[in-house]
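Source file: final.cif; contents: mmCIF, C-alpha atoms and all ligand atoms.
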```cif
data_upload
#
loop_
_atom_site.label_atom_id
_atom_site.label_comp_id
_atom_site.auth_asym_id
_atom_site.auth_seq_id
_atom_site.Cartn_x
_atom_site.Cartn_y
_atom_site.Cartn_z
CA MET E 1 15.49 11.60 7.47
CA GLN E 2 12.15 11.26 5.69
CA LYS E 3 9.11 11.45 7.96
CA VAL E 4 6.69 8.72 6.85
CA ILE E 5 3.21 7.57 7.89
CA PHE E 6 2.52 4.02 6.72
CA ASP E 7 -1.14 3.29 5.93
CA THR E 8 -1.55 -0.46 5.57
CA ASP E 9 -3.67 -3.63 5.77
CA PRO E 10 -1.19 -6.32 6.83
CA GLY E 11 -1.18 -8.39 4.73
CA VAL E 12 1.82 -10.53 3.82
CA ASP E 13 3.43 -8.14 1.33
CA ASP E 14 2.57 -5.29 3.70
CA ALA E 15 4.76 -7.01 6.33
CA LEU E 16 7.82 -6.95 4.07
CA ALA E 17 7.09 -3.31 3.17
CA LEU E 18 7.00 -2.45 6.89
CA LEU E 19 10.26 -4.26 7.62
CA TYR E 20 11.92 -2.32 4.79
CA LEU E 21 10.78 1.00 6.32
CA LEU E 22 11.96 0.01 9.79
CA ARG E 23 15.36 -1.09 8.54
CA HIS E 24 16.08 1.80 6.20
CA PRO E 25 18.37 4.40 7.81
CA ASP E 26 16.75 7.29 5.93
CA ILE E 27 13.17 6.59 7.12
CA ASP E 28 11.68 8.04 10.31
CA LEU E 29 8.43 6.09 10.71
CA MET E 30 6.08 8.46 12.56
CA GLY E 31 3.15 6.05 12.81
CA VAL E 32 1.20 3.21 11.27
CA THR E 33 -2.46 3.59 10.34
CA THR E 34 -4.49 0.52 9.51
CA VAL E 35 -7.41 -0.14 7.22
CA PHE E 36 -9.66 -3.04 6.21
CA GLY E 37 -8.58 -4.89 3.08
CA ASN E 38 -6.58 -8.08 3.29
CA ALA E 39 -8.56 -8.81 6.49
CA PRO E 40 -11.02 -6.92 8.73
CA VAL E 41 -9.51 -3.83 10.34
CA ALA E 42 -9.47 -5.41 13.82
CA LEU E 43 -7.12 -8.06 12.44
CA THR E 44 -4.95 -5.77 10.30
CA THR E 45 -4.50 -3.55 13.39
CA ARG E 46 -3.61 -6.55 15.55
CA ASN E 47 -1.21 -7.73 12.84
CA ALA E 48 0.54 -4.35 12.61
CA ARG E 49 1.02 -4.31 16.40
CA PHE E 50 2.26 -7.91 16.35
CA LEU E 51 4.86 -7.18 13.65
CA LEU E 52 6.16 -4.04 15.36
CA ARG E 53 6.34 -5.81 18.73
CA SER E 54 8.10 -8.82 17.20
CA TRP E 55 10.66 -6.51 15.61
CA GLY E 56 11.17 -4.45 18.78
CA HIS E 57 9.74 -1.14 17.51
CA ASP E 58 7.53 1.16 19.52
CA VAL E 59 5.83 2.98 16.63
CA PRO E 60 2.26 4.19 17.34
CA VAL E 61 -0.50 2.23 15.59
CA HIS E 62 -3.87 3.88 14.86
CA ALA E 63 -6.86 1.82 13.78
CA GLY E 64 -8.68 3.09 10.72
CA SER E 65 -11.69 2.43 8.55
CA ALA E 66 -13.62 -0.81 8.81
CA GLY E 67 -15.33 -0.39 5.44
CA PRO E 68 -15.37 1.66 2.26
CA LEU E 69 -16.80 5.10 1.52
CA THR E 70 -18.16 3.70 -1.75
CA PRO E 71 -21.83 2.74 -1.48
CA ASP E 72 -23.08 -0.76 -2.26
CA MET E 73 -19.76 -2.55 -2.01
CA PRO E 74 -19.73 -6.17 -0.81
CA GLU E 75 -18.99 -6.62 2.88
CA ASP E 76 -16.85 -9.35 4.42
CA ASP E 77 -15.09 -10.00 1.11
CA PHE E 78 -11.53 -10.73 2.20
CA PRO E 79 -8.82 -12.51 0.17
CA VAL E 80 -8.41 -15.47 2.55
CA HIS E 81 -7.01 -17.61 -0.28
CA ILE E 82 -4.06 -15.19 -0.59
CA HIS E 83 -3.39 -13.71 2.86
CA GLY E 84 -5.03 -16.39 5.03
CA ARG E 85 -7.97 -16.00 7.38
CA ASN E 86 -6.02 -13.72 9.72
CA GLY E 87 -4.30 -11.61 7.03
CA LEU E 88 -0.83 -12.91 7.89
CA GLY E 89 -0.98 -16.26 6.15
CA ASP E 90 -2.53 -17.85 9.25
CA HIS E 91 0.77 -17.48 11.07
CA PRO E 92 -0.16 -17.57 14.78
CA VAL E 93 -0.79 -14.04 16.08
CA PRO E 94 -1.66 -13.56 19.76
CA ASP E 95 -5.13 -12.24 20.52
CA ASP E 96 -5.37 -8.55 21.29
CA PRO E 97 -8.69 -8.01 23.04
CA ARG E 98 -8.55 -4.22 23.08
CA GLU E 99 -11.34 -2.51 21.19
CA GLU E 100 -10.42 0.90 20.02
CA ALA E 101 -12.03 3.88 18.45
CA GLU E 102 -11.03 4.75 14.92
CA SER E 103 -8.20 7.27 15.11
CA ALA E 104 -6.28 6.86 11.83
CA SER E 105 -7.64 9.91 10.02
CA SER E 106 -7.25 12.22 13.05
CA PHE E 107 -3.68 10.95 13.52
CA LEU E 108 -2.98 11.70 9.85
CA ILE E 109 -4.46 15.21 10.13
CA ASP E 110 -2.71 16.10 13.40
CA THR E 111 0.68 14.78 12.29
CA ILE E 112 0.53 16.48 8.89
CA ARG E 113 -0.49 19.82 10.45
CA ALA E 114 2.28 19.57 13.04
CA ASN E 115 4.92 18.89 10.35
CA PRO E 116 4.03 21.12 7.40
CA GLY E 117 5.73 20.16 4.14
CA GLN E 118 7.44 17.16 5.68
CA ILE E 119 5.16 14.12 5.86
CA ARG E 120 5.22 11.47 3.17
CA ILE E 121 2.20 9.16 3.30
CA LEU E 122 2.83 5.65 2.03
CA ALA E 123 -0.57 3.96 1.53
CA VAL E 124 -0.63 0.29 0.54
CA GLY E 125 -4.23 -0.64 1.28
CA ARG E 126 -7.64 0.83 0.47
CA MET E 127 -7.47 4.66 0.31
CA THR E 128 -10.33 5.06 2.80
CA ASN E 129 -8.33 6.59 5.68
CA LEU E 130 -6.74 9.15 3.37
CA ALA E 131 -10.07 10.09 1.82
CA ARG E 132 -11.69 10.49 5.23
CA ALA E 133 -8.81 12.68 6.38
CA LEU E 134 -9.22 14.83 3.24
CA GLN E 135 -12.96 15.16 3.77
CA THR E 136 -12.44 16.34 7.36
CA ALA E 137 -9.42 18.53 6.72
CA PRO E 138 -8.95 19.52 3.06
CA ASP E 139 -6.02 21.75 4.11
CA ILE E 140 -3.78 18.69 4.57
CA ALA E 141 -3.47 18.39 0.77
CA ASP E 142 -1.29 21.51 0.82
CA LEU E 143 0.64 20.44 3.90
CA VAL E 144 1.93 16.95 3.06
CA ARG E 145 5.19 16.47 1.21
CA ASP E 146 3.58 13.80 -1.00
CA VAL E 147 1.48 10.64 -1.14
CA VAL E 148 2.78 7.35 -2.52
CA ILE E 149 0.33 4.52 -3.02
CA MET E 150 0.54 0.91 -4.09
CA GLY E 151 -2.45 0.61 -6.34
CA GLY E 152 -3.94 0.67 -9.78
CA ALA E 153 -3.58 -1.17 -13.07
CA PHE E 154 -3.13 1.35 -15.86
CA ARG E 155 -2.05 -0.66 -18.91
CA VAL E 156 -2.33 -4.19 -17.59
CA PRO E 157 -5.31 -6.24 -16.37
CA GLY E 158 -6.43 -5.85 -12.78
CA ASN E 159 -6.12 -8.58 -10.18
CA ILE E 160 -9.77 -8.43 -9.00
CA THR E 161 -11.61 -7.67 -12.24
CA PRO E 162 -10.19 -7.33 -15.77
CA ALA E 163 -9.84 -3.62 -15.00
CA ALA E 164 -9.39 -3.16 -11.25
CA GLU E 165 -6.53 -3.70 -8.82
CA ALA E 166 -7.44 -4.73 -5.26
CA ASN E 167 -6.55 -1.56 -3.33
CA ILE E 168 -8.51 0.61 -5.76
CA TRP E 169 -11.36 -1.85 -6.30
CA GLY E 170 -11.93 -2.11 -2.52
CA ASP E 171 -12.87 1.58 -2.24
CA PRO E 172 -12.91 3.25 -5.67
CA LEU E 173 -14.66 6.40 -4.44
CA ALA E 174 -11.90 6.93 -1.88
CA ALA E 175 -9.26 6.39 -4.58
CA ASP E 176 -10.96 8.93 -6.86
CA LEU E 177 -10.93 11.50 -4.03
CA VAL E 178 -7.24 10.82 -3.33
CA PHE E 179 -6.22 11.15 -7.01
CA GLY E 180 -8.36 14.29 -7.30
CA ALA E 181 -6.87 16.18 -4.34
CA GLY E 182 -4.22 18.85 -4.78
CA TRP E 183 -1.39 16.83 -3.27
CA GLN E 184 1.24 14.98 -5.27
CA VAL E 185 0.22 11.34 -5.66
CA THR E 186 2.55 8.73 -7.12
CA ALA E 187 0.96 5.34 -7.79
CA ILE E 188 3.06 2.19 -7.88
CA PRO E 189 0.65 -0.01 -9.87
CA LEU E 190 0.43 -3.63 -10.99
CA ASP E 191 2.10 -2.54 -14.26
CA LEU E 192 5.38 -2.59 -12.32
CA THR E 193 4.73 -4.57 -9.13
CA THR E 194 3.75 -7.80 -10.90
CA ARG E 195 7.19 -7.74 -12.53
CA THR E 196 8.85 -7.46 -9.12
CA PHE E 197 8.83 -11.14 -8.36
CA MET E 198 10.84 -12.52 -5.45
CA THR E 199 11.72 -16.13 -6.20
CA ARG E 200 11.51 -18.75 -3.46
CA PRO E 201 15.31 -19.24 -3.35
CA MET E 202 15.75 -15.48 -2.97
CA LEU E 203 13.24 -15.41 -0.12
CA ALA E 204 15.03 -18.31 1.57
CA ARG E 205 18.41 -16.60 1.20
CA LEU E 206 17.00 -13.38 2.63
CA ALA E 207 15.55 -15.26 5.60
CA GLN E 208 18.95 -16.78 6.26
CA GLU E 209 20.85 -13.51 5.97
CA GLY E 210 18.25 -11.22 7.54
CA GLY E 211 18.00 -12.92 10.94
CA PRO E 212 14.80 -13.59 12.91
CA ASP E 213 13.01 -10.45 11.65
CA MET E 214 13.25 -11.54 8.03
CA GLN E 215 12.64 -15.17 9.02
CA LEU E 216 9.25 -14.07 10.38
CA VAL E 217 8.38 -12.54 7.00
CA ALA E 218 9.43 -15.77 5.26
CA ASP E 219 7.37 -17.86 7.70
CA LEU E 220 4.17 -15.89 7.27
CA SER E 221 4.68 -15.78 3.45
CA GLN E 222 4.37 -19.55 3.01
CA GLY E 223 0.65 -19.51 2.16
CA TYR E 224 1.16 -16.51 -0.15
CA VAL E 225 3.91 -18.42 -1.99
CA GLY E 226 1.51 -21.38 -2.16
CA PHE E 227 -1.08 -19.15 -3.84
CA TYR E 228 1.42 -18.23 -6.57
CA ARG E 229 2.50 -21.88 -6.90
CA GLN E 230 -1.05 -22.78 -7.91
CA SER E 231 -0.65 -20.43 -10.88
CA GLY E 232 2.71 -21.94 -11.82
CA TYR E 233 5.03 -19.37 -10.21
CA ASP E 234 7.81 -20.20 -7.77
CA GLY E 235 7.93 -17.25 -5.39
CA MET E 236 5.85 -14.16 -4.68
CA VAL E 237 5.08 -10.68 -5.91
CA VAL E 238 6.16 -8.01 -3.43
CA HIS E 239 3.66 -5.28 -4.39
CA ASP E 240 3.74 -3.13 -1.27
CA CYS E 241 7.50 -3.28 -0.73
CA CYS E 242 7.96 -1.88 -4.25
CA ALA E 243 6.17 1.24 -3.02
CA SER E 244 8.47 1.40 0.03
CA VAL E 245 11.48 1.35 -2.29
CA PHE E 246 10.05 4.28 -4.28
CA LEU E 247 10.48 6.46 -1.17
CA THR E 248 14.21 5.78 -0.97
CA ASP E 249 15.23 5.02 -4.58
CA PRO E 250 12.92 6.92 -6.95
CA GLU E 251 15.46 6.68 -9.79
CA LEU E 252 14.53 2.99 -10.17
CA PHE E 253 11.00 3.98 -11.29
CA ALA E 254 9.87 5.46 -14.62
CA LEU E 255 6.92 7.80 -14.10
CA THR E 256 4.11 8.77 -16.46
CA THR E 257 2.00 11.76 -15.49
CA GLY E 258 -1.59 12.75 -16.13
CA GLU E 259 -4.96 13.33 -14.53
CA VAL E 260 -6.43 10.16 -12.99
CA ARG E 261 -10.08 9.21 -12.54
CA VAL E 262 -11.54 6.12 -10.91
CA PRO E 263 -15.14 5.11 -11.72
CA TRP E 264 -16.90 3.82 -8.63
CA GLN E 265 -20.00 2.32 -10.22
CA GLY E 266 -20.71 -0.08 -13.04
CA ILE E 267 -18.61 -2.57 -14.92
CA ALA E 268 -15.50 -0.35 -14.92
CA LEU E 269 -15.61 0.13 -11.12
CA GLY E 270 -12.09 0.53 -9.76
CA THR E 271 -10.35 1.17 -13.09
CA THR E 272 -7.49 3.67 -12.90
CA MET E 273 -7.85 5.84 -16.01
CA MET E 274 -5.10 8.32 -16.81
CA ASN E 275 -5.30 11.16 -19.28
CA PRO E 276 -1.61 11.24 -20.21
CA SER E 277 -1.59 14.40 -22.31
CA ASP E 278 -3.08 17.84 -22.08
CA ARG E 279 -5.88 16.59 -24.29
CA GLN E 280 -8.67 19.09 -24.81
CA GLY E 281 -12.23 18.35 -25.85
CA PRO E 282 -15.20 16.66 -24.18
CA MET E 283 -13.22 15.95 -21.03
CA ASP E 284 -15.35 17.53 -18.30
CA ALA E 285 -14.69 14.66 -15.93
CA TRP E 286 -11.00 15.55 -16.04
CA ALA E 287 -11.38 19.31 -15.81
CA ASP E 288 -9.59 20.86 -12.83
CA ARG E 289 -8.03 17.54 -11.84
CA PRO E 290 -4.37 17.71 -10.77
CA ARG E 291 -1.71 15.84 -12.70
CA GLN E 292 -0.58 12.81 -10.76
CA ALA E 293 2.10 10.21 -11.48
CA ALA E 294 2.19 6.46 -11.96
CA ALA E 295 5.24 4.19 -12.22
CA LEU E 296 4.21 2.26 -15.32
CA ASP E 297 7.77 1.04 -15.76
CA GLY E 298 10.98 0.73 -13.81
CA GLN E 299 13.80 -1.63 -12.90
CA PRO E 300 12.33 -4.68 -11.13
CA GLU E 301 15.70 -6.44 -10.69
CA ALA E 302 17.27 -3.38 -9.09
CA ILE E 303 14.21 -2.89 -6.85
CA LEU E 304 14.52 -6.51 -5.67
CA ALA E 305 18.24 -6.06 -5.06
CA ARG E 306 17.50 -2.98 -2.96
CA ILE E 307 14.91 -4.89 -0.91
CA ALA E 308 17.45 -7.66 -0.31
CA GLN E 309 20.14 -5.18 0.70
CA VAL E 310 17.94 -3.34 3.19
CA CYS E 311 15.94 -6.26 4.62
CA ALA E 312 18.95 -8.55 5.02
CA GLY E 313 21.14 -5.75 6.31
C1 LIG H 401 -2.46 -5.11 -3.12
O1 LIG H 401 -3.59 -5.80 -2.60
C2 LIG H 401 -3.26 -6.40 -1.37
O2 LIG H 401 -3.72 -7.70 -1.36
C3 LIG H 401 -1.77 -6.36 -1.26
O3 LIG H 401 -1.35 -6.25 0.09
C4 LIG H 401 -1.38 -5.15 -2.07
O4 LIG H 401 -1.43 -3.99 -1.29
C5 LIG H 401 -2.07 -5.73 -4.46
O5 LIG H 401 -3.12 -5.62 -5.39
CA CA H 402 -1.52 -4.09 1.17
#
```

Please go through the file and, once you have read it, give me the structure as structure tokens.
Ligand code: BDR
Ligand code: CA
Amino acid sequence: MQKVIFDTDPGVDDALALLYLLRHPDIDLMGVTTVFGNAPVALTTRNARFLLRSWGHDVPVHAGSAGPLTPDMPEDDFPVHIHGRNGLGDHPVPDDPREEAESASSFLIDTIRANPGQIRILAVGRMTNLARALQTAPDIADLVRDVVIMGGAFRVPGNITPAAEANIWGDPLAADLVFGAGWQVTAIPLDLTTRTFMTRPMLARLAQEGGPDMQLVADLSQGYVGFYRQSGYDGMVVHDCCASVFLTDPELFALTTGEVRVPWQGIALGTTMMNPSDRQGPMDAWADRPRQAAALDGQPEAILARIAQVCAG
């Protein structure tokens, strides 16, 4: 069994990614850490608890960062036109009045130290919790098994600016710290995820075959599907679930490796820049950076088939 911590901002596609992890027989989900992103952290935390409760799972949830490490970023800028005002497509979610202290980064540190060499972090929101954990406890970089993120746009346009993908754009300084640490990072970027398109008929079939758990995902995806319809697409991109599939079926992904830097100021803020070769020269900004990996290509149809198999199973 793979021991996984899921760092997330649910988030419609986050919900499908979570269901995949819960249903996969090879995944031991140790905990869920939440972060601001698709909605404020109070709501993404409430949403994570709601999903786990609805699906009958007692996995610990730890609230994380409410805002970015990067200075001068806009506040209260949430994608309500994509994920709804509550982050789950405005699907009704019961109030959860509890106010809790931030515990995501300490949970990450404690769990990684208690399970040396074993923990895989799957991060599908802003990288803020991971960066905070690294700042507090740099030793965790040597203790995790690896880090898989949904994020970045390496050879395709971003979805927030021409250069930046949402999870990186939302806290580019945190992303730069995560790519620069000595752990193995694999990014599942827009280059591949935007090609992993679940059509509306496929979603409907999954909801039918997958029982009430999958029906909930289909219900809360309606606004998200509506967002894609406005751009002429009939279905939805399942960004975060692609990254879940990487944990279990890495052979469906084609990786490119190189040092990665993320500018966190100026017009290129949030760009994921990879130095793909061992290029020498005026490259100080890349000196001493570890080589990381990004899935710039892969098999979208096979990834979708895997999602259907696991989530309808
Ligand atoms: C990423 O941004 C969020 O809106 C999605 O949940 C996904 O993690 C895609 O750019
Ligand atoms: Ca997400």

**OP:** For stretch 51-63 of chain E, please output as a ChimeraX atom specification all residues within 6 Å (counting only C-alpha atoms; exclusion window: fewer than 5 positions along the same chain).
**Re:** /E:31-34,45,102-104

Residues as selected, C-alpha atoms, written as a tab-separated table (two decimals), in the frame of the given file, can you do that?
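Printed below is part-v6.tsv as written:
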```
chain	number	residue	atom	x	y	z
E	31	GLY	CA	3.15	6.05	12.81
E	32	VAL	CA	1.20	3.21	11.27
E	33	THR	CA	-2.46	3.59	10.34
E	34	THR	CA	-4.49	0.52	9.51
E	45	THR	CA	-4.50	-3.55	13.39
E	102	GLU	CA	-11.03	4.75	14.92
E	103	SER	CA	-8.20	7.27	15.11
E	104	ALA	CA	-6.28	6.86	11.83
```

What's around E:Asp90 at 9 Å? Count all atoms listed in the file, leave out sequence neighbours fewer than 5 positions away in its own chain, and write the answer as a ChimeraX atom specification.
/E:83-85,220,223

Closest contacts (chain E/ligand CA 402 (chain H), max 8 Å, all atoms listed in the file) as a tab-separated table:
```
residue	atom	partner	partner_atom	distance
E:Thr8	CA	H:CA402	CA	5.7
E:Asp9	CA	H:CA402	CA	5.1
E:Pro10	CA	H:CA402	CA	6.1
E:Gly11	CA	H:CA402	CA	5.6
E:Val12	CA	H:CA402	CA	7.7
E:Asp13	CA	H:CA402	CA	6.4
E:Asp14	CA	H:CA402	CA	5.0
E:Gly37	CA	H:CA402	CA	7.4
E:Asn38	CA	H:CA402	CA	6.8
E:Val124	CA	H:CA402	CA	4.5
E:Gly125	CA	H:CA402	CA	4.4
E:Arg126	CA	H:CA402	CA	7.9
E:Met150	CA	H:CA402	CA	7.5
E:Asn167	CA	H:CA402	CA	7.2
E:His239	CA	H:CA402	CA	7.7
E:Asp240	CA	H:CA402	CA	5.9
```

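When atom CA of E:Ala181 is paired with atom CA of E:Pro40, their separation reads 26.9 Å.
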
Exercise. How would you write as a ChimeraX atom specification the residues that get within 7 Å of (12.8, 6.9, 9.1) in the file's frame, counting all atoms listed in the file?
Worked result: /E:1-4,21-22,24-29

Checklist line | All residues 10 Å or closer to E:Asp176, only C-alpha atoms, same chain fewer than 5 positions away omitted, as a PyMOL selection string | finding: chain E and resi 127+131+168+171+181+260-264+270-272

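Closest approach to ligand LIG 401 (chain H) from the set E:Ser65, E:Gln309, E:Gln292, E:Thr193 is made by E:Thr193, with distances taken over only C-alpha atoms and all ligand atoms.
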
The residue from E:Glu301, E:Asp110, E:Asp234, E:Asp191 with the smallest atom-to-atom distance to ligand LIG 401 (chain H), counting all atoms listed in the file, is E:Asp191

Computed gap from atom CA of E:Pro162 to atom CA of E:Leu190 is 12.2 Å

Judged by all atoms listed in the file, the minimum distance to E:Glu259 among E:Arg195, E:Arg291, E:Arg229, E:Arg46 is found for E:Arg291

Of the candidates E:Ala175, E:Ile303, E:Leu296, E:Val237, which one gets nearest to ligand LIG 401 (chain H) if we count all atoms listed in the file?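 Closest to ligand LIG 401 (chain H), using all atoms listed in the file: E:Val237.
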
- Query: How many Å lie between atom CA of E:Asp297 and atom CA of E:Trp183, rounded to one decimal?
  - Reply: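 About the pair atom CA of E:Asp297 and atom CA of E:Trp183: they are 22.1 Å apart.
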
Pick from E:Gly117, E:Gly158, E:Gly266, E:Pro71, whichever lies nearest to ligand LIG 401 (chain H) using all atoms listed in the file: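 Ranked by minimum distance to ligand LIG 401 (chain H), first place goes to E:Gly158.
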
Counting only C-alpha atoms, the residue among E:Met73, E:Ala293, E:Leu16, E:Met274 that lies closest to E:Phe253 is E:Ala293

Leaving out E:Ala302 and any residue of its chain fewer than 5 positions from it, which residues lie within 12 Å of it when counting only C-alpha atoms, given as a JSON list (two decimals) with C-alpha atoms, keeping the file's coordinate frame?
```json
[["chain", "number", "residue", "atom", "x", "y", "z"],
["E", 195, "ARG", "CA", 7.19, -7.74, -12.53],
["E", 196, "THR", "CA", 8.85, -7.46, -9.12],
["E", 197, "PHE", "CA", 8.83, -11.14, -8.36],
["E", 198, "MET", "CA", 10.84, -12.52, -5.45],
["E", 242, "CYS", "CA", 7.96, -1.88, -4.25],
["E", 245, "VAL", "CA", 11.48, 1.35, -2.29],
["E", 246, "PHE", "CA", 10.05, 4.28, -4.28],
["E", 249, "ASP", "CA", 15.23, 5.02, -4.58],
["E", 250, "PRO", "CA", 12.92, 6.92, -6.95],
["E", 251, "GLU", "CA", 15.46, 6.68, -9.79],
["E", 252, "LEU", "CA", 14.53, 2.99, -10.17],
["E", 253, "PHE", "CA", 11.00, 3.98, -11.29],
["E", 307, "ILE", "CA", 14.91, -4.89, -0.91],
["E", 308, "ALA", "CA", 17.45, -7.66, -0.31],
["E", 309, "GLN", "CA", 20.14, -5.18, 0.70]]
```

Write out as JSON an axis-aligned box for stretch 59-71 of chain E: all of its atoms listed in the file, 8 Å added on each side, centre and edge lengths in Å with one decimal.
```
{"center_x": -8.0, "center_y": 2.1, "center_z": 7.8, "size_x": 43.7, "size_y": 21.9, "size_z": 35.1}
```

- For E:Ser106, list every protein, DNA or RNA residue within 12 Å, evaluated using all atoms listed in the file, and leave out those in the same chain fewer than 5 positions away; present the list as a list in words.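 What passes the distance filter is Thr33, His62, Ala63, Gly64, Ser65, Ala101, Thr111, Ile112, Arg113, Asn129, Leu130, Ala131, Arg132, Ala133, Leu134, Gln135, Thr136, Ala137 and Ile140 of chain E.
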